[in-house]
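For reference, the structure is listed below as structure tokens.
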Amino acid sequence: MLLAGAGVPVRVFERHDRVGGRTSAIETAGFRFDLGPTFFLYPQPLRAIFAAVGRDLDHETKLVKLDPQYRLLFGSGGEISASPNIESLQREVARFSPPDAEAIPRFMAENRTKLALFKPCLESPFSSWRDVVTPRMLRLLPALRPWNSLDAELGRYFRDPRVRLAFAFQSKYLGMSPYKCPSLFSILSFLEYEHGVFHPIGGCSAISEAMERVLGDLGVPIHLNEPIESIQFDGQRATGVVTRSGHYSARAVVVNADFAGAMASLVPDRLRRRWTDKKLAKKQYSCSTFMLYLGVEGRDELPHHNIYLSTDYAGNIDDIERKHVLSDDPSIYVQNACVTDPGLAPEGCSTIYVLAPVTHQHPNVNWQTATQPFREKVLGQLSKLGFADVETRIKVERVITPDDWARHGPIYRGATFNLSHNLGQMLHLRPRNRFEDLESVYLVGGGTHPGSGLPVIFESARITSRLLLEDLGRSPSLVGLDTLAVPAEARG
Ligand SMILES: Cc1cc2nc3c(=O)[nH]c(=O)nc-3n(C[C@H](O)[C@H](O)[C@H](O)COP(=O)(O)OP(=O)(O)OC[C@H]3O[C@@H](n4cnc5c(N)ncnc54)[C@H](O)[C@@H]3O)c2cc1C
């Protein structure tokens with residue numbers, strides 16, 4: 001949208017039969033599910049993208065702000081109905097720990113400052129270590145405390161481990177453990193309470209479909225069902241792509257496909273320096289997800305988003321990230337979207353979307369034999385959240401395992417949230433938006449800076465478009481991207 005809006009001729013190739021990738025829909029027998037994202041946070045970057053091409057996100061989609069934004073049920077006891085209304089939230093948290101409830105306004109105020117300080121970094125490319133070691137970045141250190149884990153950071157505010165978890169489990173949006181995730185990511189729960197959690201009517205996939213409509217209006221051809229088979233090179237410079245229909249020449253190639261998967265399959269190993277197959281294999285990858293999409297009879301009068309946090313949450317995370325085994329008491333997330341959006345299911349029915357974070361592909365788990373027992377286990381967990389007799393009400397069902405993500409994405413090791421977001425794989429150490437190993441190749445999406453999750457992948461689109469427009473000799477101001485430029489003093 002941004003490139004086409006700036007007058008660049010663009011052509012989009014999509015390997016599947018619909019747009020959206022992880023943010024696409026599954027439609028079957030009158031039921032409609034989001035394949036991946038269901039929490040839409042912080043619409044600002046996407047609003048800016050629509051505005052850049054003269055469109056209004058809030059006209060193209062209908063965003064419903066949820067209250068409660070989710071319900072948290074702790075296996076270790078107790079539950080929190082998480083409202084964006086801070087006073088209601090404080091009442092909920094006070095049931096666990098009155099001092100923790102009192103600390104919430106301080107948490108919000110300090111994270112407001114943290115986000116304001118860090119936002120320019122999320123909006124700018126990191127092309128080398130020089131962009132990291134700037135006076136501004138060094139001034140950020142006391143506020144960001146990168147040496148702290150998210151859990152340790154939350155310990156500055158909250159004593160009850162369940163309350164800490166209520167503000168930390170969001171690290172799973174990045175596929176990371178709160179015990180390892182850098183403290184910076186306390187801005188995730190802050191963003192939810194500050195700006196809200198939204199459900200786009202039709203699901204998050206409705207956003208992708210709105211973008212498809214806008215692209216149609218901008219005259220951008222979208223080739224569905226036409227995978228790119230290879231990127232063509234003259235030396236290190238990309239000259240176009242090859243699909244089953246032939247060769248398409250291009251001044252530049254923007255790769256949105258899963259980074260590691262795309263490199264391994266589309267770019268010859270010998271052309272890569274920093275991101276060779278061998279180095280890719282050594283990187284750290286996020287967790288994966290086991291998914292159940294259930295079209296059921298009846299509707300459960302439970303909140304839109306429900307999260308069950310395992311009795312031994314730390315053990316559950318350890319199983320996922322270190323032991324690479326399936327847990328006995330897995331945490332699960334359940335979306336009961338029809339309470340907000342009844343059009344997602346036929347009359348008298350509803351959709352139940354279940355996500356269990358699990359290890360990415362690993363020899364310890366053979367999904368050919370593990371799928372059925374784990375499905376049973378996950379169905380059993382549903383009753384803990386109050387979803388009654390689900391198994392007897394199922395009319396349609398689809399299961400997705402890490403093997404499926406790996407095969408159909410294709411997503412490297414089925415790691416649905418890309419390369420881990422640890423300090424060694426962030427900022428200039430993440431594959432760069434103007435891809436450093438090749439010429440005329442640009443990256444966008446969860447594999448590049450700033451990282452995974454919808455708000456930041458949309459931010460990556462803004463960063464990458466700005467760099468590409470500059471390289472094409474066009475002014476980023478054509479689509480308002482010059483406003484992203486980081487002031488000189490920020491760059492030091
Ligand atoms: C189960 C799940 C739940 C999630 N929940 C949330 C959430 O609630 N909120 C949130 O913000 N984020 C969430 N995320 C993360 C979010 O989905 C991702 O960060 C984001 O969708 C990644 O977008 P992307 O553009 O990088 O990749 P993708 O969406 O995967 O896009 C890559 C595209 O490239 C296509 N492609 C691949 N190879 C080729 C090829 N050779 N030729 C042509 N096309 C190709 C793919 O088909 C796909 O359309 C979730 C992710 C998952 C998997």
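The chains in the structure tokens are called A, B, ... from first to last as shown; in each chain the residues are counted from 1, and the ligands are counted from 1 in the order shown.
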Surrounding residues of Leu454 (chain A) excluding itself and chain neighbours under 5 positions, 12 Å, only C-alpha atoms, as a PyMOL selection string: chain A and resi 20-23+36-46+173-174+188+198+204-205+207-208+417+444-446+459-461
Which residues come within 7 Å of region 84-100 of chain A, counting only C-alpha atoms, excluding same-chain residues fewer than 6 positions away, as a PyMOL selection string? chain A and resi 67-69+157-160+163+193+196
Output N, CA and C atoms for every residue in that selection, as a PDB file, in the first residue's frame.
```pdb
ATOM      1  N   ASP A  67     -14.055  -4.959  26.597  1.00  0.00           N
ATOM      2  CA  ASP A  67     -13.994  -4.734  28.049  1.00  0.00           C
ATOM      3  C   ASP A  67     -14.911  -5.763  28.704  1.00  0.00           C
ATOM      4  N   PRO A  68     -14.388  -6.753  29.457  1.00  0.00           N
ATOM      5  CA  PRO A  68     -12.972  -6.924  29.764  1.00  0.00           C
ATOM      6  C   PRO A  68     -12.178  -7.290  28.523  1.00  0.00           C
ATOM      7  N   GLN A  69     -10.901  -6.919  28.542  1.00  0.00           N
ATOM      8  CA  GLN A  69     -10.100  -7.251  27.360  1.00  0.00           C
ATOM      9  C   GLN A  69      -9.705  -8.728  27.371  1.00  0.00           C
ATOM     10  N   TYR A 157       7.230  -3.674  40.814  1.00  0.00           N
ATOM     11  CA  TYR A 157       5.893  -3.141  41.078  1.00  0.00           C
ATOM     12  C   TYR A 157       5.012  -4.130  41.851  1.00  0.00           C
ATOM     13  N   PHE A 158       5.120  -5.398  41.491  1.00  0.00           N
ATOM     14  CA  PHE A 158       4.125  -6.375  41.946  1.00  0.00           C
ATOM     15  C   PHE A 158       4.789  -7.530  42.705  1.00  0.00           C
ATOM     16  N   ARG A 159       4.208  -7.848  43.884  1.00  0.00           N
ATOM     17  CA  ARG A 159       4.789  -8.917  44.706  1.00  0.00           C
ATOM     18  C   ARG A 159       4.167 -10.277  44.404  1.00  0.00           C
ATOM     19  N   ASP A 160       2.846 -10.278  44.184  1.00  0.00           N
ATOM     20  CA  ASP A 160       2.160 -11.560  43.970  1.00  0.00           C
ATOM     21  C   ASP A 160       2.552 -12.111  42.591  1.00  0.00           C
ATOM     22  N   VAL A 163       0.006 -11.747  39.915  1.00  0.00           N
ATOM     23  CA  VAL A 163      -0.171 -10.390  39.378  1.00  0.00           C
ATOM     24  C   VAL A 163       0.947 -10.098  38.377  1.00  0.00           C
ATOM     25  N   TYR A 193      -3.504  -1.866  28.241  1.00  0.00           N
ATOM     26  CA  TYR A 193      -4.323  -1.070  29.168  1.00  0.00           C
ATOM     27  C   TYR A 193      -4.430   0.385  28.725  1.00  0.00           C
ATOM     28  N   GLY A 196      -6.008  -0.259  24.627  1.00  0.00           N
ATOM     29  CA  GLY A 196      -7.105  -1.190  24.423  1.00  0.00           C
ATOM     30  C   GLY A 196      -6.725  -2.410  23.602  1.00  0.00           C
TER      31      GLY A 196
END
```
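The nearest approach to ligand 1 among the residues A:Ala415, A:Cys181, A:Leu280, A:Ala388, with only C-alpha atoms and all ligand atoms taken into account, belongs to A:Ala415.
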Out of region 22-196 of chain A, which residues get helix (DSSP H, G or I) from DSSP, as a PyMOL selection string? chain A and resi 22-23+44-52+57-60+86-94+98-122+129-131+135-144+150-154+161-174+183-195
Write out as JSON, numbers by chain each polymer residue whose atoms come within 12 Å of region 474-476 of chain A, counting only C-alpha atoms; drop sequence neighbours fewer than 4 positions from it. {"A": [2, 3, 4, 5, 6, 7, 8, 52, 462, 463, 464, 465, 466, 467, 468, 469, 470, 480, 481, 482, 483, 484, 485]}
For the residues in the current selection, export all heavy atoms as a compact mmCIF listing (two decimals), in the first residue's frame.
```txt
# COMPACT_ATOMS: atom_id res chain seq x y z
N LEU A 2 1.91 1.26 0.86
CA LEU A 2 2.75 2.46 0.97
C LEU A 2 3.53 2.70 -0.32
O LEU A 2 3.61 3.82 -0.81
CB LEU A 2 3.70 2.33 2.15
CG LEU A 2 3.04 2.37 3.52
CD1 LEU A 2 4.05 2.01 4.62
CD2 LEU A 2 2.44 3.74 3.79
N LEU A 3 4.09 1.62 -0.88
CA LEU A 3 4.89 1.79 -2.09
C LEU A 3 3.99 2.18 -3.26
O LEU A 3 4.30 3.10 -4.02
CB LEU A 3 5.66 0.51 -2.41
CG LEU A 3 6.72 0.11 -1.38
CD1 LEU A 3 7.29 -1.26 -1.70
CD2 LEU A 3 7.83 1.16 -1.31
N ALA A 4 2.87 1.49 -3.40
CA ALA A 4 1.96 1.81 -4.50
C ALA A 4 1.44 3.23 -4.33
O ALA A 4 1.32 3.99 -5.30
CB ALA A 4 0.81 0.80 -4.54
N GLY A 5 1.15 3.61 -3.09
CA GLY A 5 0.66 4.97 -2.82
C GLY A 5 1.68 6.02 -3.22
O GLY A 5 1.33 7.14 -3.56
N ALA A 6 2.97 5.64 -3.17
CA ALA A 6 4.03 6.59 -3.56
C ALA A 6 4.32 6.52 -5.05
O ALA A 6 5.26 7.13 -5.54
CB ALA A 6 5.30 6.29 -2.77
N GLY A 7 3.51 5.74 -5.79
CA GLY A 7 3.65 5.70 -7.24
C GLY A 7 4.61 4.65 -7.76
O GLY A 7 4.95 4.63 -8.94
N VAL A 8 5.05 3.74 -6.91
CA VAL A 8 5.97 2.68 -7.36
C VAL A 8 5.13 1.53 -7.93
O VAL A 8 4.15 1.11 -7.30
CB VAL A 8 6.80 2.15 -6.17
CG1 VAL A 8 7.69 1.00 -6.59
CG2 VAL A 8 7.62 3.27 -5.55
N ALA A 52 -1.95 7.12 4.84
CA ALA A 52 -0.94 7.50 3.85
C ALA A 52 -1.46 7.33 2.42
O ALA A 52 -0.97 7.98 1.50
CB ALA A 52 0.31 6.64 4.05
N ARG A 462 6.48 0.30 7.43
CA ARG A 462 6.76 1.74 7.27
C ARG A 462 8.26 1.97 7.14
O ARG A 462 8.71 2.74 6.31
CB ARG A 462 6.17 2.52 8.45
CG ARG A 462 4.65 2.35 8.53
CD ARG A 462 3.95 3.55 9.09
NE ARG A 462 4.35 3.87 10.46
CZ ARG A 462 4.16 5.07 11.00
NH1 ARG A 462 3.60 6.02 10.30
NH2 ARG A 462 4.51 5.29 12.25
N ILE A 463 9.04 1.29 7.98
CA ILE A 463 10.50 1.48 7.93
C ILE A 463 11.04 1.03 6.57
O ILE A 463 11.79 1.74 5.89
CB ILE A 463 11.18 0.67 9.06
CG1 ILE A 463 10.77 1.22 10.42
CG2 ILE A 463 12.69 0.66 8.90
CD1 ILE A 463 11.19 0.35 11.61
N THR A 464 10.62 -0.17 6.15
CA THR A 464 11.15 -0.74 4.91
C THR A 464 10.74 0.10 3.70
O THR A 464 11.55 0.35 2.80
CB THR A 464 10.68 -2.20 4.77
OG1 THR A 464 11.15 -2.92 5.90
CG2 THR A 464 11.19 -2.85 3.51
N SER A 465 9.50 0.55 3.68
CA SER A 465 9.05 1.37 2.55
C SER A 465 9.86 2.65 2.46
O SER A 465 10.22 3.09 1.36
CB SER A 465 7.57 1.73 2.69
OG SER A 465 6.80 0.58 2.78
N ARG A 466 10.14 3.22 3.62
CA ARG A 466 10.91 4.48 3.61
C ARG A 466 12.30 4.24 3.02
O ARG A 466 12.76 4.98 2.16
CB ARG A 466 11.02 5.04 5.02
CG ARG A 466 11.87 6.31 5.10
CD ARG A 466 11.48 7.19 6.27
NE ARG A 466 11.60 6.49 7.53
CZ ARG A 466 12.69 6.50 8.31
NH1 ARG A 466 13.76 7.16 7.93
NH2 ARG A 466 12.69 5.88 9.46
N LEU A 467 12.95 3.14 3.46
CA LEU A 467 14.30 2.85 2.95
C LEU A 467 14.26 2.59 1.44
O LEU A 467 15.10 3.07 0.69
CB LEU A 467 14.88 1.62 3.66
CG LEU A 467 15.16 1.80 5.16
CD1 LEU A 467 15.52 0.45 5.78
CD2 LEU A 467 16.27 2.81 5.38
N LEU A 468 13.27 1.83 1.00
CA LEU A 468 13.20 1.47 -0.41
C LEU A 468 12.90 2.71 -1.26
O LEU A 468 13.51 2.91 -2.33
CB LEU A 468 12.13 0.38 -0.61
CG LEU A 468 11.85 -0.10 -2.02
CD1 LEU A 468 13.11 -0.38 -2.80
CD2 LEU A 468 10.99 -1.35 -1.99
N LEU A 469 11.99 3.56 -0.78
CA LEU A 469 11.69 4.78 -1.55
C LEU A 469 12.94 5.64 -1.67
O LEU A 469 13.24 6.17 -2.74
CB LEU A 469 10.55 5.56 -0.89
CG LEU A 469 9.16 4.92 -1.03
CD1 LEU A 469 8.12 5.69 -0.23
CD2 LEU A 469 8.74 4.84 -2.50
N GLU A 470 13.70 5.73 -0.57
CA GLU A 470 14.95 6.52 -0.64
C GLU A 470 15.88 5.91 -1.68
O GLU A 470 16.45 6.61 -2.50
CB GLU A 470 15.65 6.51 0.73
CG GLU A 470 15.02 7.47 1.72
CD GLU A 470 15.53 7.25 3.16
OE1 GLU A 470 16.47 6.44 3.38
OE2 GLU A 470 14.96 7.88 4.06
N GLY A 480 3.96 10.41 3.33
CA GLY A 480 4.07 10.88 4.73
C GLY A 480 5.09 10.12 5.54
O GLY A 480 5.08 10.20 6.76
N LEU A 481 5.99 9.37 4.88
CA LEU A 481 6.94 8.57 5.66
C LEU A 481 8.11 9.39 6.18
O LEU A 481 8.85 8.92 7.03
CB LEU A 481 7.46 7.40 4.82
CG LEU A 481 6.45 6.28 4.62
CD1 LEU A 481 6.96 5.28 3.60
CD2 LEU A 481 6.16 5.57 5.93
N ASP A 482 8.27 10.61 5.65
CA ASP A 482 9.38 11.42 6.16
C ASP A 482 9.16 11.77 7.63
O ASP A 482 10.09 12.04 8.36
CB ASP A 482 9.55 12.70 5.35
CG ASP A 482 8.26 13.47 5.24
OD1 ASP A 482 7.18 12.85 5.43
OD2 ASP A 482 8.31 14.67 4.97
N THR A 483 7.90 11.73 8.06
CA THR A 483 7.63 12.10 9.45
C THR A 483 8.21 11.07 10.42
O THR A 483 8.26 11.30 11.60
CB THR A 483 6.12 12.18 9.71
OG1 THR A 483 5.55 10.94 9.31
CG2 THR A 483 5.50 13.32 8.95
N LEU A 484 8.62 9.91 9.86
CA LEU A 484 9.21 8.90 10.74
C LEU A 484 10.67 9.22 11.06
O LEU A 484 11.23 8.66 11.97
CB LEU A 484 9.21 7.53 10.05
CG LEU A 484 7.88 6.91 9.76
CD1 LEU A 484 8.12 5.62 9.00
CD2 LEU A 484 7.16 6.62 11.04
N ALA A 485 11.24 10.12 10.24
CA ALA A 485 12.67 10.34 10.38
C ALA A 485 13.02 10.69 11.82
O ALA A 485 12.36 11.48 12.46
CB ALA A 485 13.11 11.45 9.44
```
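Residues lying within 8 Å of Val64 (chain A), counting only C-alpha atoms and ignoring same-chain neighbours fewer than 4 positions away, are Phe198, His199, Pro200 and Ile201 of chain A.
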